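Novice: For reference, this is entry-v8.txt, and it has compact mmCIF, C-alpha atoms and all ligand atoms.
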```txt
# COMPACT_ATOMS: atom_id res chain seq x y z
CA VAL A 167 113.98 39.60 -134.40
CA SER A 168 111.72 36.71 -135.37
CA ASN A 169 110.34 34.23 -132.89
CA LYS A 170 111.69 31.54 -135.21
CA TRP A 171 115.24 32.32 -134.16
CA LYS A 172 114.79 33.04 -130.51
CA VAL A 173 112.30 31.14 -128.40
CA ASN A 174 112.53 33.14 -125.17
CA ASN A 175 111.14 36.64 -125.08
CA THR A 176 113.76 39.36 -124.82
CA VAL A 177 113.88 41.17 -121.49
CA ILE A 178 115.47 44.61 -121.65
CA ASP A 179 117.58 45.47 -118.63
CA CYS A 180 117.89 49.24 -118.18
CA GLY A 181 119.92 48.84 -114.99
CA ASP A 182 118.96 49.24 -111.31
CA ASP A 183 116.21 46.61 -111.64
CA VAL A 184 114.35 48.54 -114.33
CA LEU A 185 113.17 45.86 -116.76
CA ILE A 186 111.01 45.86 -119.88
CA GLY A 187 109.37 42.66 -121.11
CA ASP A 188 109.71 40.73 -117.86
CA GLY A 189 105.99 39.94 -117.70
CA LYS A 190 105.06 43.06 -115.75
CA LEU A 191 103.64 46.25 -117.24
CA THR A 192 106.39 48.89 -117.51
CA VAL A 193 105.18 52.49 -117.58
CA MET A 194 107.27 55.31 -119.02
CA ALA A 195 105.85 58.80 -118.61
CA GLY A 196 106.69 62.46 -118.87
CA PRO A 197 106.21 65.47 -121.06
CA CYS A 198 106.26 65.49 -124.83
CA SER A 199 109.10 68.07 -124.63
CA ILE A 200 111.57 68.94 -121.93
CA GLU A 201 110.90 72.63 -121.18
CA SER A 202 112.59 73.70 -117.93
CA GLU A 203 114.21 72.52 -114.73
CA ALA A 204 111.03 73.25 -112.77
CA GLN A 205 109.00 71.18 -115.23
CA ILE A 206 111.44 68.26 -114.97
CA ASN A 207 111.48 68.35 -111.16
CA ALA A 208 107.69 68.45 -110.91
CA THR A 209 107.43 65.47 -113.28
CA VAL A 210 110.05 63.49 -111.36
CA GLU A 211 108.00 63.97 -108.17
CA SER A 212 104.82 62.76 -109.86
CA LEU A 213 106.60 59.71 -111.28
CA LYS A 214 108.10 58.83 -107.91
CA GLN A 215 104.72 59.05 -106.22
CA ASN A 216 103.40 56.54 -108.74
CA GLY A 217 106.37 54.18 -108.70
CA VAL A 218 107.35 54.98 -112.30
CA ARG A 219 111.04 54.41 -113.01
CA ILE A 220 111.40 55.67 -116.62
CA MET A 221 110.80 59.28 -117.67
CA ARG A 222 110.17 60.32 -121.26
CA GLY A 223 110.86 63.79 -122.67
CA GLY A 224 112.05 65.08 -126.03
CA VAL A 225 114.95 67.48 -126.39
CA TYR A 226 115.12 67.07 -130.17
CA LYS A 227 111.59 67.36 -131.48
CA PRO A 228 110.53 66.39 -135.00
CA ARG A 229 107.99 69.10 -135.87
CA THR A 230 105.77 69.40 -138.90
CA SER A 231 106.53 73.12 -139.12
CA PRO A 232 110.10 74.38 -138.80
CA TYR A 233 108.71 77.44 -136.98
CA SER A 234 107.37 75.36 -134.05
CA PHE A 235 109.31 74.71 -130.82
CA ARG A 236 111.99 72.16 -131.69
CA GLY A 237 113.36 71.29 -128.24
CA LEU A 238 116.10 72.43 -125.85
CA GLY A 239 118.78 70.15 -127.29
CA MET A 240 121.80 69.07 -125.24
CA GLU A 241 121.28 71.76 -122.62
CA GLY A 242 117.83 70.31 -121.90
CA LEU A 243 119.16 66.75 -121.90
CA LYS A 244 121.77 67.61 -119.27
CA MET A 245 119.11 69.16 -117.00
CA PHE A 246 116.94 66.10 -117.58
CA TYR A 247 119.84 63.81 -116.67
CA ASN A 248 120.79 65.67 -113.48
CA ALA A 249 117.26 65.50 -112.09
CA CYS A 250 116.69 61.85 -113.01
CA GLN A 251 120.11 60.66 -111.89
CA GLN A 252 119.51 61.97 -108.37
CA ASN A 253 116.19 60.17 -108.17
CA GLY A 254 116.98 56.78 -109.68
CA ILE A 255 114.86 57.44 -112.77
CA LYS A 256 115.88 56.24 -116.24
CA ILE A 257 115.65 58.44 -119.34
CA ILE A 258 114.08 57.69 -122.70
CA THR A 259 114.47 60.42 -125.32
CA GLU A 260 114.38 60.74 -129.09
CA VAL A 261 117.53 60.78 -131.20
CA MET A 262 116.88 62.28 -134.62
CA GLU A 263 120.12 61.69 -136.46
CA SER A 264 123.22 59.55 -136.10
CA GLY A 265 125.43 62.59 -135.50
CA GLN A 266 123.64 63.18 -132.18
CA ILE A 267 124.28 59.71 -130.73
CA GLU A 268 127.74 60.25 -129.34
CA GLU A 269 127.04 63.41 -127.38
CA MET A 270 123.69 62.12 -126.12
CA MET A 271 125.09 58.75 -125.06
CA PRO A 272 126.21 59.55 -121.48
CA TYR A 273 122.81 61.04 -120.61
CA VAL A 274 120.42 58.51 -122.16
CA ASP A 275 119.19 55.12 -120.93
CA ILE A 276 116.93 54.28 -123.89
CA PHE A 277 117.21 55.88 -127.32
CA GLN A 278 113.82 56.50 -128.95
CA VAL A 279 113.53 56.45 -132.74
CA GLY A 280 110.49 58.49 -133.71
CA ALA A 281 107.79 57.55 -136.19
CA ARG A 282 109.23 59.94 -138.77
CA ASN A 283 112.59 58.19 -138.62
CA ALA A 284 111.24 54.65 -138.62
CA GLN A 285 112.98 53.93 -141.92
CA ASN A 286 116.04 56.11 -141.49
CA PHE A 287 118.32 53.18 -142.14
CA ASN A 288 121.53 55.09 -141.47
CA LEU A 289 120.26 56.07 -138.02
CA LEU A 290 119.12 52.49 -137.36
CA GLU A 291 122.50 51.05 -138.32
CA ALA A 292 124.30 53.63 -136.19
CA LEU A 293 122.13 52.61 -133.22
CA GLY A 294 123.13 49.02 -133.93
CA GLU A 295 126.59 49.90 -132.74
CA VAL A 296 125.41 51.33 -129.45
CA ASP A 297 125.31 49.39 -126.17
CA LYS A 298 122.03 50.89 -124.96
CA PRO A 299 118.40 49.87 -125.49
CA VAL A 300 116.59 51.36 -128.48
CA MET A 301 112.81 51.82 -128.75
CA LEU A 302 111.56 51.89 -132.34
CA LYS A 303 108.29 53.61 -133.03
CA ARG A 304 106.14 52.36 -135.87
CA GLY A 305 106.26 54.62 -138.93
CA ILE A 306 103.52 57.17 -139.61
CA SER A 307 102.04 54.79 -142.20
CA GLY A 308 104.29 51.87 -141.40
CA THR A 309 103.26 48.25 -141.72
CA ILE A 310 104.07 45.62 -139.11
CA ASP A 311 106.67 44.07 -141.40
CA GLU A 312 108.30 47.44 -142.03
CA LEU A 313 108.63 47.93 -138.27
CA LEU A 314 110.15 44.47 -137.89
CA TYR A 315 112.59 45.09 -140.75
CA SER A 316 113.62 48.37 -139.12
CA ALA A 317 114.33 46.38 -135.98
CA GLU A 318 116.41 43.99 -138.10
CA TYR A 319 118.63 46.89 -139.18
CA VAL A 320 119.55 47.61 -135.56
CA PHE A 321 119.78 43.94 -134.59
CA LYS A 322 121.94 42.97 -137.57
CA SER A 323 124.35 45.81 -136.77
CA GLY A 324 124.94 44.33 -133.32
CA ASN A 325 122.43 45.77 -130.87
CA GLU A 326 119.85 43.26 -129.66
CA LYS A 327 118.41 45.53 -126.94
CA LEU A 328 115.33 46.46 -128.90
CA ILE A 329 111.82 47.52 -127.96
CA LEU A 330 108.95 47.95 -130.44
CA CYS A 331 106.34 50.70 -130.06
CA GLU A 332 102.85 50.96 -131.51
CA ARG A 333 101.94 54.68 -131.62
CA GLY A 334 99.06 54.74 -134.08
CA ILE A 335 99.11 54.93 -137.84
CA ARG A 336 97.71 57.38 -140.36
CA THR A 337 94.47 56.20 -141.91
CA PHE A 338 91.50 57.82 -143.67
CA GLU A 339 89.94 58.47 -140.26
CA ASN A 340 90.32 62.03 -139.03
CA ALA A 341 88.14 62.02 -135.91
CA TYR A 342 91.34 61.52 -133.90
CA ARG A 343 95.04 62.16 -134.45
CA ASN A 344 96.06 58.61 -135.39
CA THR A 345 94.45 55.19 -135.50
CA LEU A 346 95.89 53.28 -132.55
CA ASP A 347 96.34 49.80 -133.96
CA LEU A 348 95.99 47.48 -130.99
CA ASN A 349 95.96 44.54 -133.40
CA ALA A 350 99.68 45.20 -133.63
CA VAL A 351 100.26 43.98 -130.08
CA PRO A 352 99.25 40.30 -130.42
CA ILE A 353 100.63 40.17 -133.97
CA LEU A 354 104.04 41.63 -133.03
CA LYS A 355 104.22 39.36 -130.00
CA GLU A 356 103.39 36.38 -132.18
CA LYS A 357 106.03 37.28 -134.76
CA SER A 358 108.83 38.57 -132.57
CA HIS A 359 110.55 37.96 -129.24
CA LEU A 360 110.92 41.71 -128.61
CA PRO A 361 108.88 43.61 -126.00
CA VAL A 362 106.00 45.76 -127.27
CA ILE A 363 105.14 49.15 -125.79
CA VAL A 364 102.00 51.12 -126.67
CA ASP A 365 101.81 54.92 -126.88
CA PRO A 366 98.13 55.79 -126.44
CA SER A 367 98.92 59.52 -126.19
CA HIS A 368 99.99 59.81 -129.83
CA GLY A 369 97.74 56.87 -130.71
CA ILE A 370 94.51 58.78 -130.14
CA GLY A 371 95.77 62.31 -129.52
CA ILE A 372 92.84 63.33 -127.29
CA ARG A 373 93.55 63.73 -123.57
CA LYS A 374 90.21 62.56 -122.20
CA HIS A 375 90.45 59.24 -124.06
CA VAL A 376 94.10 58.41 -123.42
CA ALA A 377 93.49 56.51 -120.16
CA GLN A 378 90.89 54.19 -121.72
CA MET A 379 93.24 53.35 -124.58
CA ALA A 380 96.07 52.78 -122.10
CA LEU A 381 93.90 50.27 -120.23
CA ALA A 382 92.95 48.61 -123.51
CA SER A 383 96.64 48.35 -124.43
CA ALA A 384 97.40 46.61 -121.16
CA ALA A 385 94.42 44.28 -121.65
CA VAL A 386 95.66 43.22 -125.07
CA GLY A 387 99.03 42.22 -123.66
CA ALA A 388 101.38 45.16 -124.13
CA ASP A 389 104.63 44.92 -122.16
CA GLY A 390 104.36 48.56 -121.27
CA LEU A 391 103.05 52.03 -121.97
CA ILE A 392 104.55 55.39 -122.80
CA ILE A 393 102.33 58.24 -121.62
CA GLU A 394 102.58 62.01 -121.98
CA THR A 395 102.03 63.84 -118.70
CA HIS A 396 102.61 67.44 -117.55
CA LYS A 397 101.88 69.58 -114.51
CA THR A 398 99.85 71.98 -116.65
CA PRO A 399 99.04 70.24 -119.95
CA GLU A 400 97.27 73.30 -121.34
CA LYS A 401 100.58 75.18 -121.08
CA ALA A 402 102.78 72.40 -122.51
CA ALA A 403 105.08 73.50 -125.33
CA THR A 404 104.03 70.52 -127.47
CA ASP A 405 101.19 67.96 -127.57
CA GLY A 406 99.24 69.48 -124.65
CA GLN A 407 95.96 68.30 -126.20
CA GLN A 408 96.90 64.67 -125.56
CA THR A 409 98.86 65.14 -122.32
CA LEU A 410 97.49 63.95 -118.95
CA SER A 411 97.66 66.17 -115.88
CA PHE A 412 99.44 64.62 -112.89
CA ARG A 413 96.07 63.89 -111.30
CA GLU A 414 94.78 62.16 -114.44
CA PHE A 415 98.03 60.22 -114.63
CA GLU A 416 97.71 59.09 -111.03
CA GLU A 417 94.14 57.93 -111.66
CA LEU A 418 95.34 55.91 -114.61
CA MET A 419 98.14 54.34 -112.58
CA GLN A 420 95.59 53.29 -109.96
CA LYS A 421 93.38 51.68 -112.60
CA LEU A 422 96.33 49.87 -114.17
CA LYS A 423 96.85 47.99 -110.91
CA VAL A 424 94.25 45.43 -111.96
CA PHE A 425 96.76 44.20 -114.52
CA GLU A 426 99.39 43.40 -111.90
CA THR A 427 97.73 40.05 -111.33
CA ALA A 428 95.85 39.64 -114.61
CA PHE A 429 98.45 37.77 -116.67
C1 LIG A 501 106.95 61.78 -129.23
O1 LIG A 501 107.12 60.72 -128.61
O2 LIG A 501 106.76 62.89 -128.66
C2 LIG A 501 106.87 61.73 -130.70
C3 LIG A 501 107.28 62.74 -131.46
O3 LIG A 501 106.32 60.58 -131.14
P1 LIG A 501 106.13 59.99 -132.62
O4 LIG A 501 107.51 59.85 -133.19
O5 LIG A 501 105.45 58.69 -132.36
O6 LIG A 501 105.28 60.95 -133.37
MN MN A 502 104.50 64.14 -128.33
```
Could I get this structure in the form of structure tokens?
Specialist:
Amino acid sequence: VSNKWKVNNTVIDCGDDVLIGDGKLTVMAGPCSIESEAQINATVESLKQNGVRIMRGGVYKPRTSPYSFRGLGMEGLKMFYNACQQNGIKIITEVMESGQIEEMMPYVDIFQVGARNAQNFNLLEALGEVDKPVMLKRGISGTIDELLYSAEYVFKSGNEKLILCERGIRTFENAYRNTLDLNAVPILKEKSHLPVIVDPSHGIGIRKHVAQMALASAAVGADGLIIETHKTPEKAATDGQQTLSFREFEELMQKLKVFETAF
């Protein structure tokens, strides 16, 4: 995935003119977890109003405690698919183990590998055999090189449709959930031809500061953003504390317009 081997930046084609890494800022947004049909439909409406073509939402959730909500699984993914399909919206969702790939395949446009699975080499190799884009999140305490080597596992196994994601790392600092490492953006783009997405929601973990960090991510040259949004964040099943309301999301989308002509 090194720039030494490929001079042109990789552009990921998700179909229906949805591109990542084409020089424009691609926004993916949606809830942390898929919860219900009503929740999905409300989110789809908000995305459409803001011209967003990719919806995020977890149906398999990696949780610190096994007693927390762990997602709706395939039933949730099928609801997610039905709503998005009808509205021309692409789906990005987390796959947690290789055994899930086959049944998820028909319903997914981009497979997300979560921070906790950043070095699950069996999963990475299995995704190397898939003909769909894969977004790799940086590990909880992952270095830049570790992220790039994880990408190599997928690439070497045959899948070159890769996207890298900076989502914050664990440091000594505990004033916020993670330390969003925006240094990663220019460094990854210098080292690799792959597109780089930033996740400011997990990166800072505090709703009122997410928009500023999203703008900073765009300013530093990210190819796109992945943002958690929900009709009623305070009632979200997971990660409500870092989730934007639809109104806050719309405000952010308006502010991001300055970047349409910036680069
Ligand atoms: C998520 O995207 O909701 C998620 C679990 O992210 P991460 O793997 O970065 O913690
Ligand atoms: Mn989340």
Novice: Tell me, in Å to one decimal, how far atom CA of A:Asn216 is from atom CA of A:Met194.
Specialist: 11.1 Å
Novice: Need the shell around A:Val362: protein/DNA/RNA residues with any atom at most 7 Å away, counting all atoms listed in the file. Skip same-chain ones fewer than 2 positions apart. Format as a list in words?
Specialist: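 My list of contacting residues is Ile329, Leu330, Cys331, Val351, Leu360, Val364, Ala388, Asp389 and Gly390 of chain A.
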Novice: Step by step, measure atom-to-atom distances between ligand LIG 501 (chain A) and each residue using all atoms listed in the file, keep those at most 6 Å, then write them as a ChimeraX atom specification.
Specialist: /A:198,280-282,303,333
Novice: Around ligand MN 502 (chain A), out to 12 Å and counting all atoms listed in the file, which residues are there? I want them as a PyMOL selection string.
Specialist: chain A and resi 195-200+222-230+235-237+259-260+280-281+333+343+365-373+392-396+399+402-410
Novice: List as a PyMOL selection string the residues having at least one atom at most 9 Å from position (113.4, 43.2, -120.2) as given in the file, counting all atoms listed in the file.
Specialist: chain A and resi 175-180+184-189+327+360-361
Novice: Could you check how far atom CA of A:Met271 sits from atom CA of A:Glu295, in Å to one decimal?
Specialist: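 Atom-to-atom, atom CA of A:Met271 to atom CA of A:Glu295, that is 11.8 Å.
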Novice: Give the answer as one residue: which of A:Met270, A:Leu289, A:Val320, A:Leu346 has the shortest atom-to-atom distance to A:Val167, using all atoms listed in the file?
Specialist: A:Val320
Novice: Identify which of the residues A:Asn169, A:Lys244, A:Ile255, A:Gly181 lies closest to A:Lys214, counting only C-alpha atoms when measuring atom-to-atom distances.
Specialist: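 The shortest atom-to-atom distance to A:Lys214 comes from A:Ile255.
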Novice: Between A:Glu268, A:Gly239, A:Ala292, A:Ala382, single out the one closest to A:Asn325, counting all atoms listed in the file.
Specialist: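 Distance minimum relative to A:Asn325 lands on A:Ala292.
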Novice: Between atom CA of A:Thr309 and atom CA of A:Ser323, measure the distance and give it in Å to one decimal.
Specialist: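 Pair atom CA of A:Thr309 / atom CA of A:Ser323 returns 21.8 Å.
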Novice: With distances taken over all atoms listed in the file, which of A:Ser383, A:Ser316, A:Met262, A:Gln285 is nearest to A:Asn349?
Specialist: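 Closest to A:Asn349, using all atoms listed in the file: A:Ser383.
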